[in-house]
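Structure below is data20.cif: mmCIF, C-alpha atoms.
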```cif
data_structure
#
loop_
_atom_site.label_atom_id
_atom_site.label_comp_id
_atom_site.auth_asym_id
_atom_site.auth_seq_id
_atom_site.Cartn_x
_atom_site.Cartn_y
_atom_site.Cartn_z
CA MET R 1 0.00 0.00 0.00
CA LYS R 2 1.61 3.24 -1.10
CA MET R 3 0.99 6.77 -0.05
CA SER R 4 1.62 9.92 -2.02
CA ILE R 5 3.50 12.42 0.11
CA SER R 6 5.40 15.61 -0.38
CA LEU R 7 8.69 16.12 1.39
CA LEU R 8 10.50 19.41 1.88
CA ILE R 9 14.19 18.66 1.43
CA ASN R 10 16.91 21.29 1.21
CA GLY R 11 14.27 23.89 0.45
CA GLU R 12 12.74 21.95 -2.47
CA THR R 13 9.46 20.08 -2.49
CA TYR R 14 9.57 16.49 -3.71
CA GLN R 15 6.46 14.47 -4.52
CA VAL R 16 6.96 10.75 -3.91
CA ASN R 17 4.82 7.66 -3.79
CA VAL R 18 6.14 5.51 -0.95
CA PRO R 19 5.20 2.39 1.00
CA HIS R 20 4.20 3.25 4.57
CA LYS R 21 7.01 1.13 5.88
CA LYS R 22 9.78 2.86 3.96
CA THR R 23 12.22 4.96 5.95
CA LEU R 24 13.23 8.50 5.15
CA LEU R 25 16.77 7.20 4.54
CA ASP R 26 15.65 4.73 1.88
CA VAL R 27 13.45 7.32 0.19
CA LEU R 28 16.32 9.81 0.10
CA ARG R 29 18.72 7.29 -1.40
CA GLU R 30 16.49 5.15 -3.59
CA ASP R 31 13.66 7.42 -4.71
CA LEU R 32 15.38 10.79 -4.76
CA ALA R 33 18.97 9.74 -5.52
CA LEU R 34 20.23 11.86 -2.64
CA THR R 35 22.91 9.31 -1.85
CA GLY R 36 25.12 11.63 0.18
CA THR R 37 23.26 10.38 3.24
CA LYS R 38 24.80 7.00 4.10
CA LYS R 39 23.32 3.79 5.40
CA GLY R 40 25.48 2.25 8.12
CA CYS R 41 23.86 0.15 10.82
CA ASP R 42 20.29 0.86 9.70
CA SER R 43 19.15 0.68 13.31
CA GLY R 44 19.68 4.12 14.79
CA GLU R 45 23.09 3.49 16.30
CA CYS R 46 25.89 4.72 14.03
CA GLY R 47 24.74 8.15 12.84
CA ALA R 48 25.92 7.76 9.22
CA CYS R 49 22.36 8.53 8.09
CA THR R 50 22.05 11.73 10.13
CA VAL R 51 19.90 14.44 8.55
CA LEU R 52 18.40 17.56 10.11
CA MET R 53 14.68 17.62 10.77
CA ASP R 54 13.55 21.15 11.60
CA GLY R 55 17.19 21.89 12.33
CA LYS R 56 17.78 19.00 14.71
CA PRO R 57 19.87 15.95 13.92
CA VAL R 58 18.00 12.65 13.69
CA ASN R 59 18.79 9.17 12.38
CA SER R 60 16.91 9.03 9.06
CA CYS R 61 16.99 5.21 9.17
CA ILE R 62 14.51 5.15 12.04
CA VAL R 63 12.16 7.82 10.71
CA LEU R 64 9.36 6.70 8.40
CA ALA R 65 9.21 8.83 5.26
CA VAL R 66 5.50 9.40 5.94
CA ASP R 67 6.50 10.72 9.36
CA ALA R 68 8.75 13.36 7.79
CA VAL R 69 5.86 15.10 6.05
CA GLY R 70 5.56 18.70 7.21
CA LYS R 71 9.16 18.85 8.44
CA GLN R 72 12.05 20.76 6.95
CA ILE R 73 14.64 18.17 6.02
CA THR R 74 18.26 19.12 5.42
CA THR R 75 20.66 16.57 3.97
CA ILE R 76 24.35 16.78 3.17
CA GLU R 77 23.38 17.90 -0.35
CA GLY R 78 21.92 21.02 1.23
CA ILE R 79 25.19 21.94 2.94
CA GLY R 80 27.88 23.83 1.07
CA GLY R 81 28.32 23.18 -2.65
CA ILE R 82 30.70 21.45 -5.03
CA THR R 83 32.75 24.58 -5.55
CA GLU R 84 32.12 26.11 -2.17
CA LEU R 85 32.45 23.86 0.84
CA ASP R 86 30.76 24.61 4.13
CA PRO R 87 33.29 25.77 6.76
CA ILE R 88 32.72 22.49 8.60
CA GLN R 89 33.62 20.50 5.50
CA GLU R 90 36.70 22.68 4.92
CA ALA R 91 37.86 22.18 8.46
CA LEU R 92 37.40 18.39 8.31
CA VAL R 93 39.55 18.34 5.16
CA ALA R 94 42.15 20.71 6.61
CA HIS R 95 42.50 18.64 9.78
CA GLY R 96 42.72 15.31 7.98
CA ALA R 97 39.60 14.26 9.84
CA ILE R 98 38.45 12.02 7.00
CA GLN R 99 39.77 8.62 6.07
CA CYS R 100 37.21 6.33 4.49
CA GLY R 101 34.67 9.16 4.59
CA TYR R 102 31.61 7.02 5.25
CA CYS R 103 30.71 8.72 8.54
CA THR R 104 31.57 12.18 7.23
CA PRO R 105 28.18 13.34 5.90
CA GLY R 106 26.62 12.41 9.23
CA ILE R 107 29.38 14.15 11.15
CA VAL R 108 28.91 17.30 9.05
CA MET R 109 25.16 17.34 9.70
CA THR R 110 25.59 16.82 13.44
CA ALA R 111 28.32 19.45 13.67
CA LYS R 112 26.15 21.87 11.70
CA ALA R 113 23.24 21.48 14.12
CA LEU R 114 25.58 21.72 17.10
CA LEU R 115 27.23 24.94 15.91
CA ASP R 116 23.92 26.46 14.80
CA SER R 117 22.54 26.10 18.32
CA ASN R 118 25.83 26.74 20.13
CA PRO R 119 28.37 28.61 17.98
CA HIS R 120 31.17 28.42 20.56
CA PRO R 121 30.95 25.05 22.30
CA THR R 122 33.54 23.71 24.71
CA GLU R 123 35.51 20.66 23.65
CA SER R 124 33.46 18.46 25.95
CA GLN R 125 30.25 19.84 24.42
CA VAL R 126 31.61 18.93 20.99
CA ARG R 127 32.53 15.43 22.19
CA GLU R 128 29.08 15.03 23.73
CA GLY R 129 27.50 16.43 20.58
CA ILE R 130 29.03 13.79 18.30
CA THR R 131 28.42 10.77 20.54
CA GLY R 132 25.83 9.60 18.03
CA ASN R 133 28.26 9.50 15.11
CA LEU R 134 30.55 6.50 15.01
CA CYS R 135 33.83 6.78 13.10
CA ARG R 136 35.95 3.64 12.87
CA CYS R 137 38.94 5.28 11.17
CA THR R 138 40.18 8.44 12.80
CA GLY R 139 39.52 8.04 16.48
CA TYR R 140 37.63 11.35 16.77
CA VAL R 141 40.56 13.56 17.82
CA LYS R 142 40.87 15.23 14.43
CA ILE R 143 37.12 15.46 14.05
CA VAL R 144 36.84 17.25 17.40
CA GLU R 145 39.74 19.54 16.48
CA ALA R 146 38.09 20.40 13.17
CA ILE R 147 34.76 21.31 14.80
CA MET R 148 36.54 23.35 17.48
CA ASP R 149 38.45 25.13 14.72
CA VAL R 150 35.20 26.17 13.01
CA SER R 151 33.79 27.36 16.33
CA ARG R 152 36.74 29.72 16.78
CA ARG R 153 36.32 31.40 13.40
CA MET J 1 8.72 -6.33 1.95
CA SER J 2 5.04 -6.57 2.65
CA ASP J 3 3.74 -3.19 3.60
CA ILE J 4 1.66 -2.28 6.60
CA ASN J 5 -1.50 -0.36 7.26
CA TYR J 6 -1.02 3.17 8.44
CA TRP J 7 -3.14 5.75 10.22
CA GLU J 8 -2.51 9.34 11.25
CA PRO J 9 -5.38 10.17 13.60
CA GLU J 10 -5.93 13.88 14.16
CA ASN J 11 -7.19 13.57 17.70
CA LEU J 12 -6.98 11.34 20.75
CA THR J 13 -10.49 9.93 20.38
CA ASP J 14 -9.78 8.68 16.88
CA ALA J 15 -6.39 7.28 17.92
CA VAL J 16 -7.97 5.37 20.80
CA SER J 17 -10.74 3.94 18.64
CA ILE J 18 -8.36 2.78 15.89
CA LEU J 19 -6.12 1.10 18.48
CA ALA J 20 -9.08 -0.42 20.32
CA ASP J 21 -10.78 -1.80 17.20
CA ARG J 22 -7.83 -3.68 15.83
CA ALA J 23 -6.80 -5.73 18.83
CA ASP J 24 -3.25 -7.03 18.45
CA GLN J 25 -2.91 -5.99 14.83
CA VAL J 26 -1.52 -2.49 15.27
CA ARG J 27 0.97 -0.53 17.31
CA ALA J 28 1.09 3.13 18.28
CA LEU J 29 4.09 5.04 16.92
CA ALA J 30 5.63 7.84 18.99
CA GLY J 31 9.37 8.52 18.48
CA GLY J 32 9.91 5.21 16.72
CA THR J 33 13.43 4.66 18.04
CA ASP J 34 12.52 1.18 19.27
CA LEU J 35 9.44 0.44 17.19
CA LEU J 36 11.19 0.90 13.84
CA VAL J 37 14.22 -1.11 14.84
CA LYS J 38 11.98 -4.00 15.93
CA MET J 39 9.98 -3.72 12.73
CA LYS J 40 13.10 -3.87 10.55
CA LYS J 41 14.46 -6.87 12.38
CA GLY J 42 11.21 -8.65 11.61
CA LEU J 43 10.52 -9.17 15.29
CA THR J 44 6.93 -8.11 14.92
CA ASN J 45 3.75 -9.74 13.75
CA TRP J 46 1.55 -6.67 13.78
CA LYS J 47 0.16 -5.31 10.57
CA GLY J 48 -0.30 -1.62 11.07
CA ILE J 49 1.01 1.55 12.66
CA VAL J 50 -1.00 4.32 14.26
CA ASN J 51 1.21 7.39 14.08
CA LEU J 52 0.44 9.65 17.04
CA LYS J 53 2.24 12.68 15.62
CA GLY J 54 -1.00 14.56 14.98
CA LEU J 55 -1.83 14.60 18.71
CA THR J 56 0.03 17.83 19.35
CA GLU J 57 -1.80 18.28 22.65
CA LEU J 58 0.32 15.41 24.02
CA LYS J 59 3.51 17.37 23.58
CA GLY J 60 5.16 19.85 25.92
CA PHE J 61 4.93 20.95 29.53
CA ILE J 62 2.11 22.27 31.70
CA TYR J 63 2.88 23.86 35.06
CA GLU J 64 0.22 23.97 37.72
CA GLY J 65 1.04 24.81 41.32
CA GLN J 66 3.52 22.22 42.60
CA THR J 67 3.04 19.91 39.63
CA ILE J 68 4.64 19.65 36.22
CA SER J 69 2.76 17.68 33.62
CA ILE J 70 4.88 16.32 30.78
CA GLY J 71 3.03 15.35 27.61
CA ALA J 72 3.77 11.74 26.66
CA LEU J 73 4.94 12.75 23.18
CA THR J 74 7.49 15.24 24.53
CA GLN J 75 10.91 14.49 23.10
CA ILE J 76 13.73 13.48 25.45
CA SER J 77 15.80 16.41 24.13
CA ALA J 78 13.06 18.80 25.32
CA LEU J 79 13.69 17.66 28.91
CA ILE J 80 17.33 18.68 28.57
CA ASP J 81 16.40 22.07 27.11
CA ASN J 82 13.92 22.90 29.88
CA PRO J 83 15.53 25.20 32.49
CA LEU J 84 12.77 24.61 35.06
CA LEU J 85 13.40 20.88 34.99
CA SER J 86 17.13 21.48 35.45
CA LEU J 87 16.31 23.56 38.50
CA HIS J 88 13.78 21.28 40.19
CA PHE J 89 14.40 17.83 38.72
CA PRO J 90 18.13 17.71 37.92
CA ALA J 91 18.22 13.90 38.10
CA LEU J 92 15.61 13.76 35.35
CA VAL J 93 17.73 15.96 33.12
CA ASP J 94 20.83 13.86 33.86
CA ALA J 95 18.93 10.74 32.88
CA ALA J 96 17.69 12.40 29.69
CA ARG J 97 21.24 13.40 28.78
CA SER J 98 22.44 9.83 29.27
CA LEU J 99 19.77 8.31 27.05
CA GLY J 100 20.97 7.16 23.62
CA THR J 101 22.55 9.77 21.36
CA PRO J 102 21.61 13.35 20.40
CA GLN J 103 19.94 11.97 17.26
CA VAL J 104 17.90 9.46 19.25
CA ARG J 105 16.97 12.04 21.90
CA ASN J 106 15.51 14.28 19.19
CA LEU J 107 13.12 11.47 18.22
CA ALA J 108 12.51 9.40 21.35
CA THR J 109 9.67 10.45 23.65
CA VAL J 110 9.11 10.37 27.40
CA GLY J 111 5.99 8.26 26.92
CA GLY J 112 7.89 5.81 24.73
CA ASN J 113 10.57 5.39 27.36
CA LEU J 114 7.83 4.35 29.82
CA CYS J 115 5.65 2.26 27.51
CA ASN J 116 8.56 0.17 26.26
CA ALA J 117 8.88 -0.97 29.87
CA SER J 118 12.57 -1.74 29.54
CA PRO J 119 14.10 -2.50 32.95
CA ALA J 120 17.11 -0.43 31.77
CA ALA J 121 15.18 2.74 30.81
CA ASP J 122 16.90 5.87 32.15
CA VAL J 123 14.22 8.56 32.13
CA ALA J 124 11.59 6.11 33.35
CA LEU J 125 13.75 5.17 36.34
CA VAL J 126 14.01 8.76 37.51
CA LEU J 127 10.26 9.20 37.04
CA LEU J 128 9.83 6.18 39.34
CA MET J 129 11.98 7.93 41.94
CA TYR J 130 10.02 11.18 41.54
CA GLU J 131 6.78 9.17 42.06
CA ALA J 132 5.17 10.11 38.77
CA ARG J 133 1.46 9.73 38.10
CA LEU J 134 0.58 8.45 34.66
CA LEU J 135 -2.51 9.65 32.83
CA ILE J 136 -4.04 7.15 30.44
CA MET J 137 -6.82 7.55 27.89
CA GLY J 138 -8.71 4.56 26.56
CA PRO J 139 -12.00 3.37 25.10
CA ASN J 140 -13.62 3.61 28.54
CA GLY J 141 -12.36 7.09 29.30
CA SER J 142 -9.36 8.31 31.25
CA ARG J 143 -7.69 6.83 34.28
CA GLN J 144 -4.59 7.46 36.34
CA VAL J 145 -2.07 4.98 37.71
CA SER J 146 1.01 5.48 39.82
CA ILE J 147 4.24 4.62 38.03
CA GLN J 148 4.79 1.86 40.61
CA GLU J 149 1.66 0.09 39.34
CA PHE J 150 2.47 0.62 35.66
CA TYR J 151 4.90 -2.21 34.94
CA VAL J 152 3.93 -5.85 34.67
CA GLY J 153 7.20 -7.30 33.36
CA PRO J 154 9.88 -6.64 30.76
CA GLY J 155 8.14 -4.89 27.87
CA GLN J 156 4.78 -5.22 29.59
CA THR J 157 2.62 -2.56 31.20
CA VAL J 158 -0.91 -2.30 32.53
CA LEU J 159 -1.98 -0.54 29.32
CA GLN J 160 -4.93 -2.33 27.74
CA GLN J 161 -5.58 -2.47 24.01
CA GLY J 162 -6.72 0.93 22.86
CA GLU J 163 -5.17 2.77 25.79
CA ILE J 164 -2.65 5.55 25.25
CA LEU J 165 -0.39 7.09 27.87
CA THR J 166 -1.11 10.80 27.55
CA ALA J 167 0.82 12.61 30.28
CA ILE J 168 3.21 12.15 33.16
CA GLU J 169 2.74 14.27 36.27
CA ILE J 170 5.45 14.90 38.82
CA ASP J 171 5.26 17.00 41.97
CA LEU J 172 8.09 19.23 43.10
CA PRO J 173 10.27 17.18 45.45
CA PRO J 174 10.49 18.20 49.13
CA LEU J 175 12.33 21.42 49.88
CA ASN J 176 16.10 20.93 50.37
CA SER J 177 15.96 17.43 48.95
CA LYS J 178 18.45 16.36 46.34
CA GLY J 179 17.93 13.80 43.59
CA VAL J 180 20.75 11.96 41.87
CA PHE J 181 20.82 9.65 38.83
CA PHE J 182 23.79 7.35 38.20
CA LYS J 183 24.23 4.95 35.33
CA HIS J 184 26.82 2.27 34.84
CA GLY J 185 27.80 1.02 31.41
CA LYS J 186 30.83 0.09 29.39
CA ARG J 187 30.98 3.53 27.79
CA LYS J 188 30.31 7.04 29.05
CA SER J 189 27.68 7.68 26.41
CA HIS J 190 25.55 5.95 23.82
CA GLU J 191 24.93 3.14 26.27
CA ILE J 192 22.15 1.04 27.67
CA ALA J 193 22.55 0.81 31.43
CA LEU J 194 24.05 -2.34 32.92
CA VAL J 195 22.71 -0.90 36.14
CA ASN J 196 21.10 2.47 36.85
CA VAL J 197 20.10 4.07 40.12
CA ALA J 198 18.04 7.11 41.09
CA VAL J 199 17.92 8.32 44.68
CA LEU J 200 16.48 11.26 46.56
CA LEU J 201 17.45 12.33 50.07
CA THR J 202 15.58 14.86 52.15
CA PRO J 203 17.38 16.03 55.29
CA HIS J 204 15.70 16.96 58.57
CA PRO J 205 16.16 20.61 59.50
CA GLY J 206 19.63 20.82 61.00
CA ARG J 207 20.92 18.38 58.40
CA LYS J 208 22.18 15.62 60.70
CA GLN J 209 19.38 13.13 60.09
CA ILE J 210 17.64 11.91 57.00
CA ALA J 211 13.92 12.67 56.90
CA GLN J 212 13.14 10.69 53.78
CA ALA J 213 14.98 8.52 51.28
CA ARG J 214 13.88 7.20 47.91
CA ILE J 215 15.86 4.56 46.05
CA ALA J 216 14.93 3.31 42.58
CA VAL J 217 17.03 0.79 40.67
CA GLY J 218 16.99 -0.46 37.09
CA SER J 219 18.40 -3.37 35.05
CA VAL J 220 18.44 -5.61 38.11
CA ALA J 221 14.99 -7.20 37.98
CA SER J 222 12.18 -7.83 35.50
CA THR J 223 10.85 -4.35 36.22
CA GLN J 224 12.40 -1.26 37.73
CA LEU J 225 12.04 -1.25 41.50
CA ARG J 226 11.76 1.03 44.51
CA ILE J 227 13.62 -0.64 47.38
CA LYS J 228 11.42 0.02 50.39
CA ASP J 229 13.60 -1.82 52.95
CA ALA J 230 16.62 0.24 52.04
CA GLU J 231 14.61 3.47 52.07
CA ASP J 232 13.14 2.65 55.49
CA SER J 233 16.57 1.87 56.90
CA LEU J 234 17.56 5.48 56.24
CA THR J 235 14.41 7.21 57.51
CA ASN J 236 15.27 9.23 60.63
CA SER J 237 18.76 7.74 60.74
CA LEU J 238 21.95 9.75 60.93
CA ALA J 239 23.55 10.39 57.56
CA THR J 240 26.73 8.35 57.82
CA LEU J 241 28.73 6.35 55.34
CA SER J 242 27.88 3.17 57.20
CA ALA J 243 24.15 3.97 57.01
CA PHE J 244 24.51 4.39 53.24
CA GLU J 245 26.55 1.19 53.00
CA GLN J 246 23.88 -0.70 54.91
CA ALA J 247 21.17 0.66 52.62
CA ALA J 248 23.25 -0.41 49.62
CA GLU J 249 23.48 -3.94 51.08
CA LEU J 250 19.69 -4.03 51.45
CA VAL J 251 19.37 -3.02 47.81
CA LYS J 252 21.67 -5.86 46.76
CA GLU J 253 19.55 -8.33 48.75
CA ALA J 254 16.32 -7.08 47.17
CA VAL J 255 17.27 -7.30 43.51
CA ASN J 256 17.12 -10.25 41.17
CA PRO J 257 19.27 -9.55 38.10
CA ILE J 258 19.90 -11.86 35.15
CA ASP J 259 22.84 -12.79 32.93
CA ASP J 260 22.51 -11.39 29.43
CA VAL J 261 24.59 -10.08 26.54
CA ARG J 262 25.45 -6.89 28.35
CA SER J 263 26.46 -8.18 31.77
CA THR J 264 26.20 -10.93 34.34
CA ALA J 265 23.82 -11.20 37.24
CA SER J 266 26.61 -11.22 39.83
CA TYR J 267 28.29 -8.13 38.38
CA ARG J 268 24.98 -6.28 38.28
CA LYS J 269 24.27 -7.21 41.89
CA GLN J 270 27.70 -5.99 42.95
CA MET J 271 27.42 -2.75 40.98
CA VAL J 272 23.89 -1.87 42.10
CA GLY J 273 25.32 -1.75 45.63
CA VAL J 274 28.26 0.41 44.58
CA LEU J 275 26.07 2.78 42.59
CA THR J 276 23.50 3.08 45.37
CA ARG J 277 26.15 3.97 47.95
CA ARG J 278 27.77 6.52 45.65
CA ALA J 279 24.43 8.04 44.70
CA LEU J 280 23.41 8.40 48.36
CA VAL J 281 26.74 10.05 49.22
CA GLU J 282 26.31 12.42 46.27
CA ALA J 283 22.69 13.19 47.20
CA TRP J 284 23.66 14.02 50.78
CA GLY J 285 26.16 16.38 49.27
CA GLU J 286 28.55 17.14 52.12
CA GLU J 287 31.25 15.56 54.25
CA LEU J 288 30.07 12.50 56.11
#
```
Produce structure tokens that represent the structure in this file.
Amino acid sequence: MKMSISLLINGETYQVNVPHKKTLLDVLREDLALTGTKKGCDSGECGACTVLMDGKPVNSCIVLAVDAVGKQITTIEGIGGITELDPIQEALVAHGAIQCGYCTPGIVMTAKALLDSNPHPTESQVREGITGNLCRCTGYVKIVEAIMDVSRR
Amino acid sequence: MSDINYWEPENLTDAVSILADRADQVRALAGGTDLLVKMKKGLTNWKGIVNLKGLTELKGFIYEGQTISIGALTQISALIDNPLLSLHFPALVDAARSLGTPQVRNLATVGGNLCNASPAADVALVLLMYEARLLIMGPNGSRQVSIQEFYVGPGQTVLQQGEILTAIEIDLPPLNSKGVFFKHGKRKSHEIALVNVAVLLTPHPGRKQIAQARIAVGSVASTQLRIKDAEDSLTNSLATLSAFEQAAELVKEAVNPIDDVRSTASYRKQMVGVLTRRALVEAWGEEL
């Protein structure tokens, strides 16, 4: 049984016909080809699928697409641009805070929400802020340094 | 993937009647942080979801006299952002901060934390310590139960088919009392409690003796428990380390933990004593 819904993503309205059971993550990736948002654990643990819903980070793998109707969704595609990176993306690159890159879109989204609500966090606030984003490559030190760097600009 | 039925009722009456009419076929969806994971793992045999998101009246805080009413659909992150809760119910805010991750806290709801009836639930444990009253709406009208009467077993509550938890009421704790929430896990964050403890101590005027103690423990029995014997042992007693140690021993005797993937029964029993003692010392808040 499908349902026709309209989703507001990165300021654009998308009309999609989705099964009730389908998650926002799967609709983003499979129906809308917004594959910047990654699927990691698919159970709300790893944070690779983090998007902003009304400005707050959520795991898009445990949100039904039908439940996202009426919300403002921001994905990694809505942050920065190909020629002009967001300061968070620049800082992650500058600090070598990316290895395989799979967690990076989620980290960027979480850091964006964190800095939007608290532009000058302490290091422990940054560490607490990214507890929902697992990175298995870098060990977080460079990620934390990069976010702190942006907060000092 | 066979799809499911789906409803988005616009008011409580409709939500109750959809849930009541379809017996075991449907589940209510609040934050979805547990429901969706279970659904994906195929652990469910229900055939429909009743999304409660349209019931905006079940979201947010109402203050009346000495009581705060928390709507069941209030997000966990909203507890952290509420300065009045930080002032009067700091243990509740600590528990909220320790639940899941920022992403999960933006979805998960207070009502969901209760209705899941996990013995490890953090926010629910502190609500047990603060002696919450739970407001329930169902096909036969509304009723109220104390949080102590709410749990039947792991994952089981007194909610009948068609009933929805609508609000959680807590009264301001006694003047000069202090509540503390401690959680033990393998990590500092993003963790389900191996053991969690919430205590409240109210001193007599003069601050030598304890007027009242509340001790609630989680992950050490099939439901979360208040430990009456340990609480009674502290009533009107002098606040000493040995009194707190004795209360902690009584807690250890009262619990009945299990071995599971996260810990062993014997470790949980040991740690519930340690956490209780530490929480009582912290709640007393000065040199013993």
Test item: which residues lie within 9 Å of (22.4, 12.6, 38.0) counting only C-alpha atoms, as JSON, numbers by chain
{"J": [90, 91, 92, 93, 94, 95, 179, 180, 181, 182, 183, 198, 279]}
Chain J residues near chain R within 10 Å, closest pair each, using all atoms listed in the file, as a tab-separated table:
```
residue	atom	partner	partner_atom	distance
J:Met1	CA	R:Lys21	CA	8.6
J:Ser2	CA	R:Lys21	CA	8.6
J:Asp3	CA	R:Lys21	CA	5.9
J:Ile4	CA	R:Lys21	CA	6.4
J:Asn5	CA	R:His20	CA	7.3
J:Tyr6	CA	R:His20	CA	6.5
J:Trp7	CA	R:His20	CA	9.6
J:Glu8	CA	R:Asp67	CA	9.3
J:Leu29	CA	R:Asp67	CA	9.8
J:Gly31	CA	R:Val63	CA	8.3
J:Gly32	CA	R:Ile62	CA	6.6
J:Thr33	CA	R:Ile62	CA	6.1
J:Asp34	CA	R:Ile62	CA	8.5
J:Leu35	CA	R:Ile62	CA	8.6
J:Leu36	CA	R:Ile62	CA	5.7
J:Val37	CA	R:Ser43	CA	5.5
J:Lys38	CA	R:Ser43	CA	9.0
J:Met39	CA	R:Lys21	CA	8.9
J:Lys40	CA	R:Ser43	CA	8.1
J:Lys41	CA	R:Ser43	CA	8.9
J:Gly48	CA	R:His20	CA	9.3
J:Ile49	CA	R:His20	CA	8.9
J:Asn51	CA	R:Asp67	CA	7.8
J:Leu52	CA	R:Asp67	CA	9.8
J:Lys53	CA	R:Asp67	CA	7.8
J:Ser77	CA	R:Lys56	CA	10.0
J:Arg97	CA	R:Glu128	CA	9.5
J:Gly100	CA	R:Gly132	CA	7.8
J:Thr101	CA	R:Gly132	CA	4.7
J:Pro102	CA	R:Gly132	CA	6.1
J:Gln103	CA	R:Val58	CA	4.1
J:Val104	CA	R:Val58	CA	6.4
J:Arg105	CA	R:Val58	CA	8.3
J:Asn106	CA	R:Val58	CA	6.3
J:Leu107	CA	R:Val58	CA	6.8
J:Ala108	CA	R:Val58	CA	10.0
J:Lys188	CA	R:Thr131	CA	9.5
J:Ser189	CA	R:Thr131	CA	6.7
J:His190	CA	R:Thr131	CA	6.5
```
Find the residues around Ser118 of chain J up to 8 Å (all atoms listed in the file counted), leave out those fewer than 2 positions away in its own chain, and share them as number ranges by chain.
J: 113-114, 116, 120-121, 154-155, 223
Long-range neighbours of Val69 of chain R as JSON, numbers by chain, 10 Å cut-off, only C-alpha atoms, 3 positions minimum in chain
{"R": [5, 6, 7, 8, 24, 64, 65, 66, 72, 73]}
Report as a PDB file with C-alpha atoms, keeping the file's coordinate frame all protein, DNA and RNA residues lying within 10 Å of segment 55-61 of chain J, evaluated on all atoms listed in the file, omitting residues in the same chain fewer than 4 positions from it.
```pdb
ATOM      1  CA  GLU J   8      -2.510   9.340  11.250  1.00  0.00           C
ATOM      2  CA  PRO J   9      -5.380  10.170  13.600  1.00  0.00           C
ATOM      3  CA  GLU J  10      -5.930  13.880  14.160  1.00  0.00           C
ATOM      4  CA  ASN J  11      -7.190  13.570  17.700  1.00  0.00           C
ATOM      5  CA  LEU J  12      -6.980  11.340  20.750  1.00  0.00           C
ATOM      6  CA  THR J  13     -10.490   9.930  20.380  1.00  0.00           C
ATOM      7  CA  ALA J  15      -6.390   7.280  17.920  1.00  0.00           C
ATOM      8  CA  ASN J  51       1.210   7.390  14.080  1.00  0.00           C
ATOM      9  CA  ILE J  68       4.640  19.650  36.220  1.00  0.00           C
ATOM     10  CA  SER J  69       2.760  17.680  33.620  1.00  0.00           C
ATOM     11  CA  ILE J  70       4.880  16.320  30.780  1.00  0.00           C
ATOM     12  CA  GLY J  71       3.030  15.350  27.610  1.00  0.00           C
ATOM     13  CA  ALA J  72       3.770  11.740  26.660  1.00  0.00           C
ATOM     14  CA  LEU J  73       4.940  12.750  23.180  1.00  0.00           C
ATOM     15  CA  THR J  74       7.490  15.240  24.530  1.00  0.00           C
ATOM     16  CA  GLN J  75      10.910  14.490  23.100  1.00  0.00           C
ATOM     17  CA  ALA J  78      13.060  18.800  25.320  1.00  0.00           C
ATOM     18  CA  LEU J  79      13.690  17.660  28.910  1.00  0.00           C
ATOM     19  CA  ASN J  82      13.920  22.900  29.880  1.00  0.00           C
ATOM     20  CA  THR J 109       9.670  10.450  23.650  1.00  0.00           C
ATOM     21  CA  VAL J 110       9.110  10.370  27.400  1.00  0.00           C
ATOM     22  CA  GLY J 111       5.990   8.260  26.920  1.00  0.00           C
ATOM     23  CA  LEU J 165      -0.390   7.090  27.870  1.00  0.00           C
ATOM     24  CA  THR J 166      -1.110  10.800  27.550  1.00  0.00           C
ATOM     25  CA  ALA J 167       0.820  12.610  30.280  1.00  0.00           C
ATOM     26  CA  ILE J 168       3.210  12.150  33.160  1.00  0.00           C
ATOM     27  CA  GLU J 169       2.740  14.270  36.270  1.00  0.00           C
TER      28      GLU J 169
END
```
Considering all atoms listed in the file, return as a short mmCIF file (atom, residue, chain, number, x, y, z; two decimals) with C-alpha atoms, keeping the file's coordinate frame whatever protein or nucleic-acid residues lie within 8 Å of Val144 of chain R, sequence-local ones (same chain, fewer than 5 positions apart) excluded.
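Result file is around.cif:
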```cif
data_model
loop_
_atom_site.label_atom_id
_atom_site.label_comp_id
_atom_site.auth_asym_id
_atom_site.auth_seq_id
_atom_site.Cartn_x
_atom_site.Cartn_y
_atom_site.Cartn_z
CA GLU R 123 35.51 20.66 23.65
CA VAL R 126 31.61 18.93 20.99
CA ARG R 127 32.53 15.43 22.19
#
```
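Around Val145 of chain J, within 8 Å and counting all atoms listed in the file, the residues found are Arg133, Leu134, Leu135, Ile136 and Phe150 of chain J, once anything fewer than 5 positions away on its own chain is removed.
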With the PyMOL selection byres ((chain J and resi 162) around 10) as the selection, what would be picked from this file? Answer as an MDAnalysis selection string, please.
chainID J and resid 15:24 26:28 137:140 159:161 163:164
Based on the selection just made, write C-alpha atoms of those residues as a short mmCIF file (atom, residue, chain, number, x, y, z; two decimals), in the frame of the given file.
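Full text of out-v6.cif as output:
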```
data_model
loop_
_atom_site.label_atom_id
_atom_site.label_comp_id
_atom_site.auth_asym_id
_atom_site.auth_seq_id
_atom_site.Cartn_x
_atom_site.Cartn_y
_atom_site.Cartn_z
CA ALA J 15 -6.39 7.28 17.92
CA VAL J 16 -7.97 5.37 20.80
CA SER J 17 -10.74 3.94 18.64
CA ILE J 18 -8.36 2.78 15.89
CA LEU J 19 -6.12 1.10 18.48
CA ALA J 20 -9.08 -0.42 20.32
CA ASP J 21 -10.78 -1.80 17.20
CA ARG J 22 -7.83 -3.68 15.83
CA ALA J 23 -6.80 -5.73 18.83
CA ASP J 24 -3.25 -7.03 18.45
CA VAL J 26 -1.52 -2.49 15.27
CA ARG J 27 0.97 -0.53 17.31
CA ALA J 28 1.09 3.13 18.28
CA MET J 137 -6.82 7.55 27.89
CA GLY J 138 -8.71 4.56 26.56
CA PRO J 139 -12.00 3.37 25.10
CA ASN J 140 -13.62 3.61 28.54
CA LEU J 159 -1.98 -0.54 29.32
CA GLN J 160 -4.93 -2.33 27.74
CA GLN J 161 -5.58 -2.47 24.01
CA GLU J 163 -5.17 2.77 25.79
CA ILE J 164 -2.65 5.55 25.25
#
```
